[in-house]
Structures are given as structure tokens and as C-alpha cells.
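Chemist: Take this structure, written in C-alpha cells, and hold onto it; I'll ask about it next.
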Amino acid sequence: EFHRLFNEGDIKNISERVVATLEASHNNNSMIEANATTESGPRRLFLELHGDIPGLDVLHSYIQKWRAIAEQSSESTFFAFTLLREPVSFHQSYFRHFHLASCRAKWCEESKYDNYTEQNLLRSAIPNKQCELLVHGQQEWKLISRRPPRVTKEECHHAKERLIQDWDWVGFTEEATSVVIPTLRRLFLNTSELLIQ
């Protein structure tokens, strides 16, 4: 079962379901549909955090809660993973999606450019942008996006520590085909076959 979560409200709503699923497993009751056992074993619940997600400090409480409940049961497991992107690649992608004049969504950047050039890319560069999103989250970041970015070296180190503390695995989008997909297939499907070429 797969859910894409776009904001903290979505996370709160699905959290109740995750907690109920884990507690049902712990109490040896019949699991709710999200984690029902099939002939091939327990179904897995995948949650993708996407869009207006909160920062790592807010996610920390949810992850710790889910992990603590899962650890009480021999029938449940919890595995948190995320993907990061190499900074230059991240900025190039961010520029293409949010700085070009063709962007019409409400979350587009105020400073827009007609075309993708190195000069425009450099003009739009914001230091530690990925770190800022990890620290402040997408929603809070939107509130401060009209002023210069405010993320300190200490906040970036704290974000790194949150990733180490809360997430079981952190992958990189640049290694999607060679590392990320095979690793996830091995972890969740118990196979190393690579279906995506």
C-alpha cells in the first residue's frame, strides 16, 4: 500500500493508521487492512513525504513514535529511508522546476528566468538550499522564501544528526539505478533483480 503525503495534516492522519496497525500487530489482534497478511507475507505500508512536508525536527516525533511502537512487537518492523541529492544537481533541478518563467504553480520562485543558462543558474543560487529545506521544511520555507535564506552551519549539522538518528538509510538520487533501487528491492522484496533499466 502506498501513500503520498503532502503536508503535516496528511502525516497526522496517516500516523493514526500507522499507530493502529503497529499496535494491532503488537496486541496479536487481526491487523487492519494497511498491514494485512497475505499468502506471500505481511503487506507493507509505504509513505512518501512530498510537497509541504515539515522539517526534520517535526518528522522526528512521528518517526520515533512509529519506531517505538514497532519495537514492541515481534510482528512489526519499521524502516525509515530518504533520498538526498548532490548539491549542484539539486540546484539545477530546482532551477528547472521553480525558477523558469514556464513555472505557473503558486510555489514557483518570485525570481523567474526566461531560459536555462549558466548565468541565470548562478544568479538564482541559494547557499545550502537542500539543508534549508531539511531544517525548515517546505511549508515553513515558503513563509521565509521572500527574504534571504537563514540557515546556519549549526542548523545544517543538526539536520545531519537528525538524519543519522532517525533514518535507517539515506540514499542519493544520483545512485538510483546502481544502488537505491537494488537496495530497496533487496530489503523489501528479498530479491536483487533490477526491474527498472
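In the C-alpha cells, chains take the letters A, B, ... in the order shown, each chain's residues start at 1, and ligands count up from 1 in the order shown.
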Got a sec: who's within 7 Å of Leu100 in chain A, counting only C-alpha atoms, leaving out chain neighbours fewer than 6 positions off, as a list in words?

Modeler: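 After dropping sequence-adjacent residues, the list is Lys112, Tyr113, Asp114 and Asn115 of chain A.
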
Chemist: Those same residues, written as a compact mmCIF listing (two decimals), in the first residue's frame with N, CA, C and O atoms?

Modeler:
# COMPACT_ATOMS: atom_id res chain seq x y z
N LYS A 112 12.12 34.77 -11.67
CA LYS A 112 12.00 33.81 -12.76
C LYS A 112 12.89 34.23 -13.93
O LYS A 112 13.20 35.41 -14.11
N TYR A 113 13.27 33.24 -14.71
CA TYR A 113 14.16 33.47 -15.84
C TYR A 113 13.55 32.84 -17.09
O TYR A 113 12.87 31.82 -17.01
N ASP A 114 13.79 33.49 -18.22
CA ASP A 114 13.20 33.01 -19.47
C ASP A 114 13.84 31.73 -19.98
O ASP A 114 13.19 30.94 -20.65
N ASN A 115 15.12 31.55 -19.68
CA ASN A 115 15.76 30.35 -20.19
C ASN A 115 16.82 29.83 -19.21
O ASN A 115 17.24 30.53 -18.30

Chemist: Neighbouring residues of Ala68 in chain A were defined as those with any atom within 10 Å, considering only C-alpha atoms; residues of the same chain fewer than 4 positions away were excluded. Please report them as an MDAnalysis selection string.

Modeler: chainID A and resid 19 22 62:64 72:73 78

Chemist: Which parts of range 48-118 of chain A does DSSP call strand (DSSP E) when run on the backbone here, written out as number ranges by chain?

Modeler: A: 48-52, 81-84

Chemist: Please save all heavy atoms of the selected residues as a PDB file, in the first residue's frame.

Modeler:
ATOM      1  N   GLU A  48       5.292   8.181   1.279  1.00  0.00           N
ATOM      2  CA  GLU A  48       6.209   9.118   0.635  1.00  0.00           C
ATOM      3  C   GLU A  48       5.870  10.514   1.124  1.00  0.00           C
ATOM      4  O   GLU A  48       4.748  10.977   0.983  1.00  0.00           O
ATOM      5  CB  GLU A  48       6.071   9.083  -0.883  1.00  0.00           C
ATOM      6  CG  GLU A  48       7.000  10.108  -1.533  1.00  0.00           C
ATOM      7  CD  GLU A  48       6.705  10.342  -3.002  1.00  0.00           C
ATOM      8  OE1 GLU A  48       5.718   9.798  -3.514  1.00  0.00           O
ATOM      9  OE2 GLU A  48       7.468  11.102  -3.609  1.00  0.00           O
ATOM     10  N   LEU A  49       6.851  11.173   1.703  1.00  0.00           N
ATOM     11  CA  LEU A  49       6.669  12.549   2.163  1.00  0.00           C
ATOM     12  C   LEU A  49       7.064  13.465   1.019  1.00  0.00           C
ATOM     13  O   LEU A  49       8.193  13.437   0.555  1.00  0.00           O
ATOM     14  CB  LEU A  49       7.533  12.809   3.395  1.00  0.00           C
ATOM     15  CG  LEU A  49       7.329  11.817   4.538  1.00  0.00           C
ATOM     16  CD1 LEU A  49       8.265  12.142   5.685  1.00  0.00           C
ATOM     17  CD2 LEU A  49       5.890  11.822   5.003  1.00  0.00           C
ATOM     18  N   HIS A  50       6.123  14.266   0.576  1.00  0.00           N
ATOM     19  CA  HIS A  50       6.342  15.034  -0.651  1.00  0.00           C
ATOM     20  C   HIS A  50       5.560  16.329  -0.557  1.00  0.00           C
ATOM     21  O   HIS A  50       4.441  16.350  -0.072  1.00  0.00           O
ATOM     22  CB  HIS A  50       5.838  14.192  -1.832  1.00  0.00           C
ATOM     23  CG  HIS A  50       6.255  14.698  -3.162  1.00  0.00           C
ATOM     24  ND1 HIS A  50       7.434  14.320  -3.749  1.00  0.00           N
ATOM     25  CD2 HIS A  50       5.651  15.533  -4.018  1.00  0.00           C
ATOM     26  CE1 HIS A  50       7.535  14.904  -4.923  1.00  0.00           C
ATOM     27  NE2 HIS A  50       6.467  15.646  -5.107  1.00  0.00           N
ATOM     28  N   GLY A  51       6.121  17.417  -1.028  1.00  0.00           N
ATOM     29  CA  GLY A  51       5.371  18.675  -1.051  1.00  0.00           C
ATOM     30  C   GLY A  51       5.624  19.510   0.178  1.00  0.00           C
ATOM     31  O   GLY A  51       6.759  19.777   0.542  1.00  0.00           O
ATOM     32  N   ASP A  52       4.552  19.916   0.858  1.00  0.00           N
ATOM     33  CA  ASP A  52       4.650  20.813   2.013  1.00  0.00           C
ATOM     34  C   ASP A  52       5.020  20.081   3.292  1.00  0.00           C
ATOM     35  O   ASP A  52       4.396  20.258   4.333  1.00  0.00           O
ATOM     36  CB  ASP A  52       3.323  21.535   2.236  1.00  0.00           C
ATOM     37  CG  ASP A  52       3.086  22.633   1.233  1.00  0.00           C
ATOM     38  OD1 ASP A  52       4.054  23.031   0.575  1.00  0.00           O
ATOM     39  OD2 ASP A  52       1.948  23.091   1.114  1.00  0.00           O
ATOM     40  N   PHE A  81      13.582   5.559   5.403  1.00  0.00           N
ATOM     41  CA  PHE A  81      14.665   5.928   4.494  1.00  0.00           C
ATOM     42  C   PHE A  81      14.283   7.189   3.727  1.00  0.00           C
ATOM     43  O   PHE A  81      13.110   7.536   3.605  1.00  0.00           O
ATOM     44  CB  PHE A  81      15.010   4.786   3.532  1.00  0.00           C
ATOM     45  CG  PHE A  81      13.997   4.546   2.441  1.00  0.00           C
ATOM     46  CD1 PHE A  81      14.124   5.176   1.213  1.00  0.00           C
ATOM     47  CD2 PHE A  81      12.943   3.688   2.646  1.00  0.00           C
ATOM     48  CE1 PHE A  81      13.201   4.949   0.207  1.00  0.00           C
ATOM     49  CE2 PHE A  81      12.018   3.450   1.649  1.00  0.00           C
ATOM     50  CZ  PHE A  81      12.150   4.087   0.417  1.00  0.00           C
ATOM     51  N   THR A  82      15.273   7.867   3.258  1.00  0.00           N
ATOM     52  CA  THR A  82      15.049   9.064   2.461  1.00  0.00           C
ATOM     53  C   THR A  82      16.144   9.169   1.415  1.00  0.00           C
ATOM     54  O   THR A  82      17.151   8.472   1.478  1.00  0.00           O
ATOM     55  CB  THR A  82      14.994  10.331   3.346  1.00  0.00           C
ATOM     56  OG1 THR A  82      14.520  11.428   2.561  1.00  0.00           O
ATOM     57  CG2 THR A  82      16.358  10.671   3.942  1.00  0.00           C
ATOM     58  N   LEU A  83      15.926  10.042   0.464  1.00  0.00           N
ATOM     59  CA  LEU A  83      16.910  10.283  -0.595  1.00  0.00           C
ATOM     60  C   LEU A  83      17.320  11.743  -0.579  1.00  0.00           C
ATOM     61  O   LEU A  83      16.491  12.629  -0.433  1.00  0.00           O
ATOM     62  CB  LEU A  83      16.317   9.945  -1.969  1.00  0.00           C
ATOM     63  CG  LEU A  83      15.884   8.512  -2.200  1.00  0.00           C
ATOM     64  CD1 LEU A  83      15.250   8.369  -3.572  1.00  0.00           C
ATOM     65  CD2 LEU A  83      17.058   7.562  -2.058  1.00  0.00           C
ATOM     66  N   LEU A  84      18.607  11.967  -0.722  1.00  0.00           N
ATOM     67  CA  LEU A  84      19.147  13.313  -0.858  1.00  0.00           C
ATOM     68  C   LEU A  84      19.737  13.445  -2.251  1.00  0.00           C
ATOM     69  O   LEU A  84      19.887  12.469  -2.972  1.00  0.00           O
ATOM     70  CB  LEU A  84      20.218  13.581   0.200  1.00  0.00           C
ATOM     71  CG  LEU A  84      19.753  13.530   1.649  1.00  0.00           C
ATOM     72  CD1 LEU A  84      20.926  13.786   2.580  1.00  0.00           C
ATOM     73  CD2 LEU A  84      18.634  14.514   1.910  1.00  0.00           C
TER      74      LEU A  84
END

Chemist: When you draw a straight line from CA of Arg186 in chain A to CA of Thr173 in chain A, how long is it in Å?

Modeler: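 So the answer is 17.5 Å.
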
Chemist: Any chance you could list, as an MDAnalysis selection string, the residues in range 80-124 of chain A that come up alpha helix (DSSP H) when DSSP is run on the backbone?

Modeler: chainID A and resid 87:98 118:124

Chemist: Which one is closest to Leu184 in chain A: A:Leu121, A:Val18, A:Ala80, A:Cys108? Count only C-alpha atoms.

Modeler: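 Smallest separation from Leu184 in chain A among the options: A:Ala80.
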
Chemist: To one decimal in Å, tell me the separation between CA of Gln138 in chain A and CA of Ser178 in chain A.

Modeler: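 The value is 28.5 Å.
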
Chemist: List the neighbours of Lys129 in chain A out to 9 Å using only C-alpha atoms; skip same-chain residues closer than 4 positions along the sequence, and give me the result as JSON, numbers by chain.

Modeler: {"A": [87, 90, 91, 125, 133, 134, 149, 151]}

Chemist: Those same residues, written as an mmCIF file, in the first residue's frame with C-alpha atoms?

Modeler:
data_model
loop_
_atom_site.group_PDB
_atom_site.id
_atom_site.type_symbol
_atom_site.label_atom_id
_atom_site.label_comp_id
_atom_site.auth_asym_id
_atom_site.auth_seq_id
_atom_site.Cartn_x
_atom_site.Cartn_y
_atom_site.Cartn_z
ATOM 1 C CA PRO A 87 24.012 19.964 -4.242
ATOM 2 C CA PHE A 90 19.786 19.594 -6.708
ATOM 3 C CA HIS A 91 20.136 23.246 -7.687
ATOM 4 C CA ALA A 125 21.802 30.023 -6.472
ATOM 5 C CA LEU A 133 14.504 22.540 3.278
ATOM 6 C CA LEU A 134 15.608 19.782 5.681
ATOM 7 C CA PRO A 149 17.714 32.307 3.388
ATOM 8 C CA VAL A 151 20.181 28.529 7.756
#

Chemist: Choose the residue, out of A:Trp167, A:Tyr116, A:Phe172, A:Phe188, that has the smallest atom-to-atom separation from Gln92 in chain A; count only C-alpha atoms.

Modeler: A:Tyr116

Chemist: Which distance in Å separates CA of Thr183 in chain A and CA of Arg17 in chain A, to one decimal?

Modeler: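 Separating CA of Thr183 in chain A from CA of Arg17 in chain A is a distance of 26.7 Å.
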